[in-house]
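Trainee: I'm passing along start_4.txt; it holds compact mmCIF, C-alpha atoms.
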```txt
# COMPACT_ATOMS: atom_id res chain seq x y z
CA MET A 19 77.45 62.26 4.93
CA SER A 20 80.72 64.14 4.41
CA HIS A 21 81.19 67.86 4.77
CA GLU A 22 81.43 68.32 1.01
CA PHE A 23 78.15 66.49 0.59
CA ILE A 24 76.54 68.70 3.24
CA LYS A 25 77.75 71.84 1.47
CA GLY A 26 76.54 70.60 -1.92
CA TYR A 27 73.17 69.63 -0.52
CA ARG A 28 72.88 73.05 1.11
CA ARG A 29 73.43 74.86 -2.21
CA LYS A 30 70.71 72.76 -3.86
CA ALA A 31 68.32 73.39 -0.97
CA ILE A 32 68.75 77.17 -1.32
CA ILE A 33 67.68 76.88 -4.95
CA ILE A 34 64.46 74.97 -4.17
CA VAL A 35 63.55 76.64 -0.86
CA ASN A 36 60.94 78.85 -2.55
CA TYR A 37 59.09 75.74 -3.69
CA GLY A 38 59.31 74.43 -0.14
CA LYS A 39 57.69 77.62 1.14
CA GLN A 40 54.86 77.22 -1.36
CA ILE A 41 54.23 73.65 -0.20
CA HIS A 42 54.30 74.80 3.44
CA ALA A 43 51.79 77.57 2.66
CA CYS A 44 49.52 75.02 0.95
CA ILE A 45 49.68 72.78 4.03
CA LEU A 46 48.66 75.70 6.26
CA ARG A 47 45.85 76.86 3.94
CA THR A 48 44.30 73.41 3.62
CA GLY A 49 44.70 72.55 7.29
CA THR A 50 46.62 69.37 6.48
CA ALA A 51 47.78 67.56 9.62
CA MET A 52 51.53 67.73 10.17
CA ASP A 53 53.16 64.40 11.01
CA ALA A 54 56.81 63.75 11.90
CA LYS A 55 57.85 63.32 8.26
CA PHE A 56 56.26 66.63 7.24
CA SER A 57 57.92 68.45 10.12
CA ASN A 58 61.32 66.93 9.42
CA SER A 59 61.12 67.84 5.72
CA LEU A 60 60.22 71.45 6.49
CA VAL A 61 62.91 71.82 9.17
CA ASP A 62 65.46 70.43 6.70
CA THR A 63 64.27 72.73 3.88
CA TYR A 64 64.32 75.91 5.96
CA SER A 65 67.62 75.03 7.67
CA ASN A 66 69.42 74.45 4.39
CA GLY A 67 67.65 77.39 2.79
CA GLU A 68 69.20 80.01 5.09
CA ASN A 69 66.16 80.36 7.38
CA VAL A 70 66.98 78.55 10.58
CA THR A 71 64.48 80.73 12.51
CA TYR A 72 61.54 79.16 10.64
CA ALA A 73 63.12 75.74 11.07
CA ARG A 74 63.34 76.26 14.84
CA ARG A 75 59.68 77.38 15.04
CA ILE A 76 58.47 74.27 13.25
CA PHE A 77 60.70 72.10 15.43
CA GLN A 78 59.36 73.69 18.62
CA LEU A 79 55.73 73.31 17.53
CA ASP A 80 56.12 69.59 16.87
CA VAL A 81 55.06 67.62 19.95
CA ASP A 82 56.01 64.20 18.55
CA ARG A 83 59.73 64.75 18.08
CA ASP A 84 61.94 61.80 17.29
CA THR A 85 65.68 61.23 16.81
CA ILE A 86 65.47 62.07 13.10
CA LEU A 87 63.90 65.47 13.78
CA TYR A 88 66.47 66.25 16.48
CA ASN A 89 69.29 65.28 14.09
CA THR A 90 67.93 67.58 11.40
CA MET A 91 67.66 70.52 13.80
CA ILE A 92 71.17 69.93 15.19
CA ALA A 93 72.55 69.84 11.63
CA GLY A 94 70.66 73.06 10.84
CA TYR A 95 72.22 74.82 13.81
CA ALA A 96 75.64 73.54 12.74
CA LEU A 97 75.26 75.02 9.24
CA HIS A 98 74.38 78.45 10.58
CA GLY A 99 77.02 78.75 13.30
CA TYR A 100 74.79 78.17 16.33
CA GLU A 101 77.20 75.75 17.98
CA ASN A 102 75.91 76.38 21.51
CA LYS A 103 72.30 75.73 20.49
CA ALA A 104 73.33 72.52 18.68
CA ILE A 105 75.22 71.26 21.73
CA GLN A 106 72.36 72.20 24.06
CA LEU A 107 69.87 70.40 21.83
CA PHE A 108 72.04 67.26 21.89
CA SER A 109 72.08 67.40 25.70
CA GLN A 110 68.31 67.76 25.62
CA THR A 111 67.92 64.59 23.54
CA THR A 112 70.00 62.68 26.09
CA GLU A 113 67.97 64.04 29.02
CA GLN A 114 64.69 63.09 27.33
CA GLY A 115 65.85 59.56 26.60
CA PHE A 116 66.21 59.73 22.81
CA GLN A 117 68.70 57.27 21.36
CA SER A 118 71.41 59.08 19.42
CA ASP A 119 72.65 57.44 16.22
CA GLU A 120 75.41 57.78 13.61
CA VAL A 121 73.75 60.82 12.00
CA THR A 122 73.53 62.61 15.37
CA PHE A 123 77.28 62.38 15.85
CA LEU A 124 78.02 63.36 12.27
CA ALA A 125 76.00 66.53 12.87
CA LEU A 126 77.90 67.16 16.14
CA LEU A 127 81.25 66.66 14.39
CA SER A 128 80.08 69.15 11.79
CA VAL A 129 79.44 71.67 14.59
CA CYS A 130 82.96 71.16 15.93
CA TRP A 131 84.47 71.24 12.42
CA HIS A 132 82.88 74.59 11.59
CA HIS A 133 84.08 76.21 14.81
CA GLY A 134 87.48 74.62 15.41
CA LEU A 135 86.39 72.82 18.58
CA VAL A 136 89.02 70.09 18.36
CA LYS A 137 88.83 68.77 21.92
CA LEU A 138 85.03 68.67 21.94
CA GLY A 139 85.07 66.90 18.57
CA GLU A 140 87.36 64.25 20.02
CA VAL A 141 85.06 63.83 23.02
CA TYR A 142 82.05 63.22 20.77
CA PHE A 143 83.98 60.91 18.44
CA PHE A 144 85.29 58.63 21.18
CA SER A 145 82.01 58.71 23.14
CA MET A 146 80.32 57.03 20.16
CA THR A 147 81.93 53.71 21.03
CA GLN A 148 82.51 54.22 24.75
CA ASP A 149 79.10 55.60 25.79
CA TYR A 150 76.70 54.85 22.94
CA LYS A 151 78.12 51.61 21.48
CA ILE A 152 78.05 53.10 17.98
CA SER A 153 80.85 52.19 15.57
CA PRO A 154 82.16 55.24 13.69
CA GLY A 155 81.81 54.96 9.92
CA PHE A 156 83.84 56.27 6.99
CA ASP A 157 82.32 59.74 7.22
CA HIS A 158 83.08 60.07 10.95
CA TYR A 159 86.73 59.15 10.43
CA ALA A 160 87.04 61.37 7.36
CA SER A 161 85.56 64.31 9.30
CA MET A 162 87.92 63.82 12.23
CA ILE A 163 91.01 63.41 10.02
CA ASP A 164 90.13 66.52 8.04
CA PHE A 165 89.34 68.31 11.28
CA CYS A 166 92.74 67.47 12.83
CA GLY A 167 94.53 68.50 9.64
CA ARG A 168 92.86 71.91 9.64
CA ALA A 169 93.78 72.33 13.31
CA ASN A 170 97.47 71.62 12.48
CA GLN A 171 97.38 68.43 14.56
CA LEU A 172 98.84 66.03 12.01
CA ASP A 173 99.93 63.55 14.70
CA LYS A 174 96.29 62.99 15.66
CA ALA A 175 95.30 62.53 12.00
CA VAL A 176 98.00 59.87 11.67
CA SER A 177 96.79 58.16 14.87
CA LEU A 178 93.23 58.06 13.52
CA MET A 179 94.46 56.44 10.31
CA GLU A 180 96.33 53.83 12.33
CA MET A 181 93.26 52.94 14.39
CA LEU A 182 90.94 52.56 11.38
CA PRO A 183 89.00 49.27 11.79
CA MET A 184 88.39 49.10 8.02
CA GLU A 185 90.37 49.63 4.83
CA PRO A 186 90.37 53.38 4.10
CA ASP A 187 88.29 54.51 1.14
CA ALA A 188 89.05 57.36 -1.27
CA ILE A 189 87.27 59.94 0.92
CA ILE A 190 89.33 59.11 4.03
CA LEU A 191 92.59 59.00 2.09
CA GLY A 192 91.68 62.26 0.38
CA ALA A 193 91.09 63.90 3.79
CA PHE A 194 94.41 62.44 4.96
CA LEU A 195 96.25 63.91 1.97
CA ASN A 196 94.57 67.25 2.50
CA ALA A 197 95.89 67.24 6.07
CA PHE A 198 99.41 66.78 4.68
CA LYS A 199 98.88 69.64 2.25
CA MET A 200 97.75 72.03 4.97
CA ASN A 201 100.70 71.02 7.15
CA ARG A 202 103.20 70.96 4.24
CA ASN A 203 104.33 67.38 4.86
CA ALA A 204 105.20 65.74 1.54
CA GLU A 205 106.98 62.75 3.12
CA LEU A 206 103.85 61.37 4.77
CA ALA A 207 101.86 62.18 1.63
CA LYS A 208 104.11 59.85 -0.34
CA ALA A 209 103.26 57.03 2.08
CA ALA A 210 99.55 57.34 1.18
CA ASP A 211 100.26 58.08 -2.49
CA ASP A 212 100.15 54.53 -3.90
CA LYS A 213 97.16 53.39 -1.86
CA LEU A 214 95.06 56.40 -2.83
CA LEU A 215 95.80 56.05 -6.55
CA GLN A 216 95.12 52.32 -6.35
CA ILE A 217 91.67 52.96 -4.83
CA ASP A 218 90.74 56.08 -6.80
CA GLY A 219 93.13 55.97 -9.76
CA GLY A 220 90.53 57.06 -12.29
CA ASN A 221 89.86 60.35 -10.51
CA GLY A 222 92.06 63.09 -11.94
CA SER A 223 91.39 65.31 -8.90
CA ARG A 224 93.43 62.93 -6.75
CA TYR A 225 96.49 63.32 -9.00
CA ALA A 226 96.09 67.08 -8.91
CA GLN A 227 95.82 66.95 -5.13
CA LEU A 228 99.03 64.91 -4.83
CA ALA A 229 100.87 67.05 -7.36
CA GLY A 230 99.86 70.17 -5.43
CA ILE A 231 101.33 68.78 -2.20
CA TYR A 232 104.67 67.99 -3.88
CA ALA A 233 104.73 71.38 -5.63
CA SER A 234 104.16 73.23 -2.35
CA GLU A 235 107.29 71.54 -0.98
CA GLY A 236 109.32 72.21 -4.12
CA LYS A 237 109.52 68.50 -4.98
CA TRP A 238 109.20 69.03 -8.70
CA ASN A 239 110.35 65.54 -9.72
CA GLU A 240 107.63 63.96 -7.61
CA MET A 241 105.07 66.38 -9.00
CA GLU A 242 106.08 65.48 -12.57
CA ARG A 243 105.92 61.77 -11.71
CA VAL A 244 102.32 62.10 -10.50
CA MET A 245 101.26 64.17 -13.54
CA LYS A 246 102.83 61.60 -15.90
CA MET A 247 100.84 58.87 -14.13
CA MET A 248 97.68 60.93 -14.61
CA ARG A 249 98.34 61.35 -18.33
CA GLY A 250 99.32 57.71 -18.72
CA ARG A 251 96.12 56.46 -17.12
CA GLU A 252 94.03 59.06 -18.96
CA ALA A 253 92.45 60.09 -15.66
CA LYS A 254 90.07 63.00 -15.99
CA LYS A 255 89.53 65.75 -13.47
CA THR A 256 85.87 66.58 -12.88
CA ALA A 257 85.03 69.95 -14.41
CA GLY A 258 84.07 72.74 -12.04
CA CYS A 259 80.36 73.49 -11.98
CA CYS A 260 78.13 76.17 -10.48
CA TRP A 261 74.64 77.45 -11.01
CA VAL A 262 72.60 80.62 -10.45
CA TYR A 263 68.88 80.72 -9.68
CA VAL A 264 67.24 83.67 -11.51
CA GLY A 265 63.47 83.94 -11.34
CA ASP A 266 62.15 80.44 -12.05
CA THR A 267 65.18 79.34 -14.07
CA VAL A 268 68.37 77.61 -13.01
CA HIS A 269 71.40 78.68 -15.09
CA THR A 270 74.19 76.09 -15.01
CA PHE A 271 77.82 76.87 -15.84
CA ILE A 272 80.55 74.29 -16.40
CA SER A 273 84.25 75.10 -16.68
CA GLY A 274 85.23 75.56 -20.34
CA ASP A 275 81.64 75.31 -21.58
CA ARG A 276 80.30 78.22 -23.68
CA SER A 277 76.94 76.79 -24.66
CA HIS A 278 74.80 79.19 -22.59
CA THR A 279 72.34 81.15 -24.73
CA ASP A 280 73.63 84.47 -23.33
CA ASN A 281 77.27 83.42 -23.57
CA ASN A 282 78.43 86.51 -25.53
CA VAL A 283 76.82 88.99 -23.13
CA ILE A 284 78.17 87.11 -20.11
CA TYR A 285 81.74 87.23 -21.39
CA ILE A 286 81.49 90.92 -22.32
CA ILE A 287 80.43 91.73 -18.74
CA LEU A 288 83.11 89.39 -17.37
CA GLY A 289 85.72 91.19 -19.46
CA CYS A 290 84.61 94.55 -18.06
CA LEU A 291 84.80 93.20 -14.50
CA ILE A 292 88.32 91.85 -15.09
CA LYS A 293 89.44 95.27 -16.39
CA GLU A 294 87.98 97.00 -13.34
CA LEU A 295 89.68 94.51 -11.01
CA SER A 296 93.00 95.04 -12.82
CA LYS A 297 92.68 98.82 -12.34
CA LEU A 298 91.83 98.31 -8.67
CA SER A 299 94.80 95.98 -8.15
CA ALA A 300 97.16 98.45 -9.85
CA SER A 301 95.79 101.27 -7.68
CA ILE A 302 96.28 99.27 -4.46
CA PHE A 303 99.82 98.31 -5.53
CA LEU A 304 100.66 101.98 -6.25
CA GLU A 305 99.33 103.09 -2.86
CA GLU A 306 101.45 100.42 -1.12
CA GLU A 307 104.56 101.56 -3.02
CA ILE A 308 103.94 105.20 -2.07
CA CYS A 309 103.51 104.22 1.59
CA THR A 310 106.76 102.22 1.43
CA PHE A 311 108.85 105.14 0.20
CA SER A 312 107.13 107.91 2.15
```
Once more with this new file: its structure as structure tokens, please.
Mentor:
Amino acid sequence: MSHEFIKGYRRKAIIIVNYGKQIHACILRTGTAMDAKFSNSLVDTYSNGENVTYARRIFQLDVDRDTILYNTMIAGYALHGYENKAIQLFSQTTEQGFQSDEVTFLALLSVCWHHGLVKLGEVYFFSMTQDYKISPGFDHYASMIDFCGRANQLDKAVSLMEMLPMEPDAIILGAFLNAFKMNRNAELAKAADDKLLQIDGGNGSRYAQLAGIYASEGKWNEMERVMKMMRGREAKKTAGCCWVYVGDTVHTFISGDRSHTDNNVIYIILGCLIKELSKLSASIFLEEEICTFS
């Protein structure tokens, strides 16, 4: 489970959390017995639906906790910034003899990723093989590489790529390229260029990612080369998508799509907002100029 997947799943969970509450209320009203699967589902729903307090209560009331339930609660803490509680809960699982698995460490890496705990993330990553005999998977490597890139530790990201026990997939290479972009290193990006486009050549987002790295370094010839490859292969970039939950209806919006039934009203309001933002920007600029010359 990559960080992007976790974020996407979280957005969906927020949309359906009201239905989860209704199911929970029905369980309480009917006196239905709660087993481990029920508890885990509710902890997951409340955690991803911005109500970690309810998730914690359900977790604490469950007397038959297993590794899956602990993993879900640790991931819930990670999403809401309770890094100390997540780490304490992991220690508790160890003390009580629960066997941690791949998902446990992915949740712990997520904790470290959200809070910039580079050294602790490294400790957890390497303890997987050294202490728990668990082989890190694609998602663990991708998380660590992305993590090191964000922490401006490109040398560690390169070392992780070199120690990969498997051929890197598009997610790992994408994280690797993103590390280059954040550290403005176009030379190393070029080294991963061919391999990434060979693996994920039909994904237009990868070309845009590469082109962005070259553009940030002023390497316009390289940027043009990548964009020509994209056009030549007819690679398509996935359209941006978002949705809003209003009442009992989900309104979906896709970049460039004007098929919504209230499209005209939406764009009138959007136009008004843009005008207001333009006025605000001009006002801020004027104030800065006055301060400069005063």
Trainee: List the neighbours of His98 of chain A out to 9 Å using all atoms listed in the file; skip same-chain residues closer than 5 positions along the sequence, and give me the result as a PyMOL selection string.
Mentor: chain A and resi 65-66+68+70+93
Trainee: Using Å and a single decimal, report how far atom CA of Asp82 of chain A sits from atom CA of Asp53 of chain A.
Mentor: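 Computing the Euclidean distance for atom CA of Asp53 of chain A and atom CA of Asp82 of chain A yields 8.1 Å.
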Trainee: What is the distance between atom CA of Ile41 of chain A and atom CA of Cys260 of chain A, in Å to one decimal?
Mentor: 26.1 Å
Trainee: Taking into account all atoms listed in the file, which residue in the set A:Ala188, A:Leu60, A:Met241, A:Leu124 is nearest to Phe143 of chain A?
Mentor: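 Result for the nearest residue to Phe143 of chain A: A:Leu124.
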Trainee: In Å, how far is it from atom CA of Lys151 of chain A to atom CA of Asp119 of chain A?
Mentor: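 Computing it gives 9.6 Å between the two atoms.
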Trainee: Up to 8 Å from (69.4, 70.8, 8.0) in the file's coordinates: name the residues, counting only C-alpha atoms, as number ranges by chain.
Mentor: A: 61-66, 90-95, 97
Trainee: List as an mmCIF file with C-alpha atoms, keeping the file's coordinate frame the protein and nucleic acid residues near Met146 of chain A, meaning an atom at most 12 Å away when only C-alpha atoms are counted, but skip any in the same chain fewer than 3 places from it.
Mentor:
```cif
data_model
loop_
_atom_site.group_PDB
_atom_site.id
_atom_site.type_symbol
_atom_site.label_atom_id
_atom_site.label_comp_id
_atom_site.auth_asym_id
_atom_site.auth_seq_id
_atom_site.Cartn_x
_atom_site.Cartn_y
_atom_site.Cartn_z
ATOM 1 C CA GLN A 117 68.700 57.270 21.360
ATOM 2 C CA SER A 118 71.410 59.080 19.420
ATOM 3 C CA ASP A 119 72.650 57.440 16.220
ATOM 4 C CA GLU A 120 75.410 57.780 13.610
ATOM 5 C CA VAL A 121 73.750 60.820 12.000
ATOM 6 C CA THR A 122 73.530 62.610 15.370
ATOM 7 C CA PHE A 123 77.280 62.380 15.850
ATOM 8 C CA LEU A 124 78.020 63.360 12.270
ATOM 9 C CA LEU A 126 77.900 67.160 16.140
ATOM 10 C CA LEU A 127 81.250 66.660 14.390
ATOM 11 C CA GLY A 139 85.070 66.900 18.570
ATOM 12 C CA GLU A 140 87.360 64.250 20.020
ATOM 13 C CA VAL A 141 85.060 63.830 23.020
ATOM 14 C CA TYR A 142 82.050 63.220 20.770
ATOM 15 C CA PHE A 143 83.980 60.910 18.440
ATOM 16 C CA ASP A 149 79.100 55.600 25.790
ATOM 17 C CA TYR A 150 76.700 54.850 22.940
ATOM 18 C CA LYS A 151 78.120 51.610 21.480
ATOM 19 C CA ILE A 152 78.050 53.100 17.980
ATOM 20 C CA SER A 153 80.850 52.190 15.570
ATOM 21 C CA PRO A 154 82.160 55.240 13.690
ATOM 22 C CA GLY A 155 81.810 54.960 9.920
ATOM 23 C CA HIS A 158 83.080 60.070 10.950
ATOM 24 C CA TYR A 159 86.730 59.150 10.430
#
```
Trainee: With distances taken over all atoms listed in the file, which residue among A:Met184, A:Ala226, A:Met179, A:Met247 lies nearest Lys199 of chain A?
Mentor: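 Closest to Lys199 of chain A of all the choices is A:Ala226.
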Trainee: In terms of the shortest atom-to-atom distance over all atoms listed in the file, which of A:Gly115, A:Gly38, A:Gly236, A:Gly167 is closest to Leu195 of chain A?
Mentor: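 Answer, going by the shortest atom-to-atom distance: A:Gly167.
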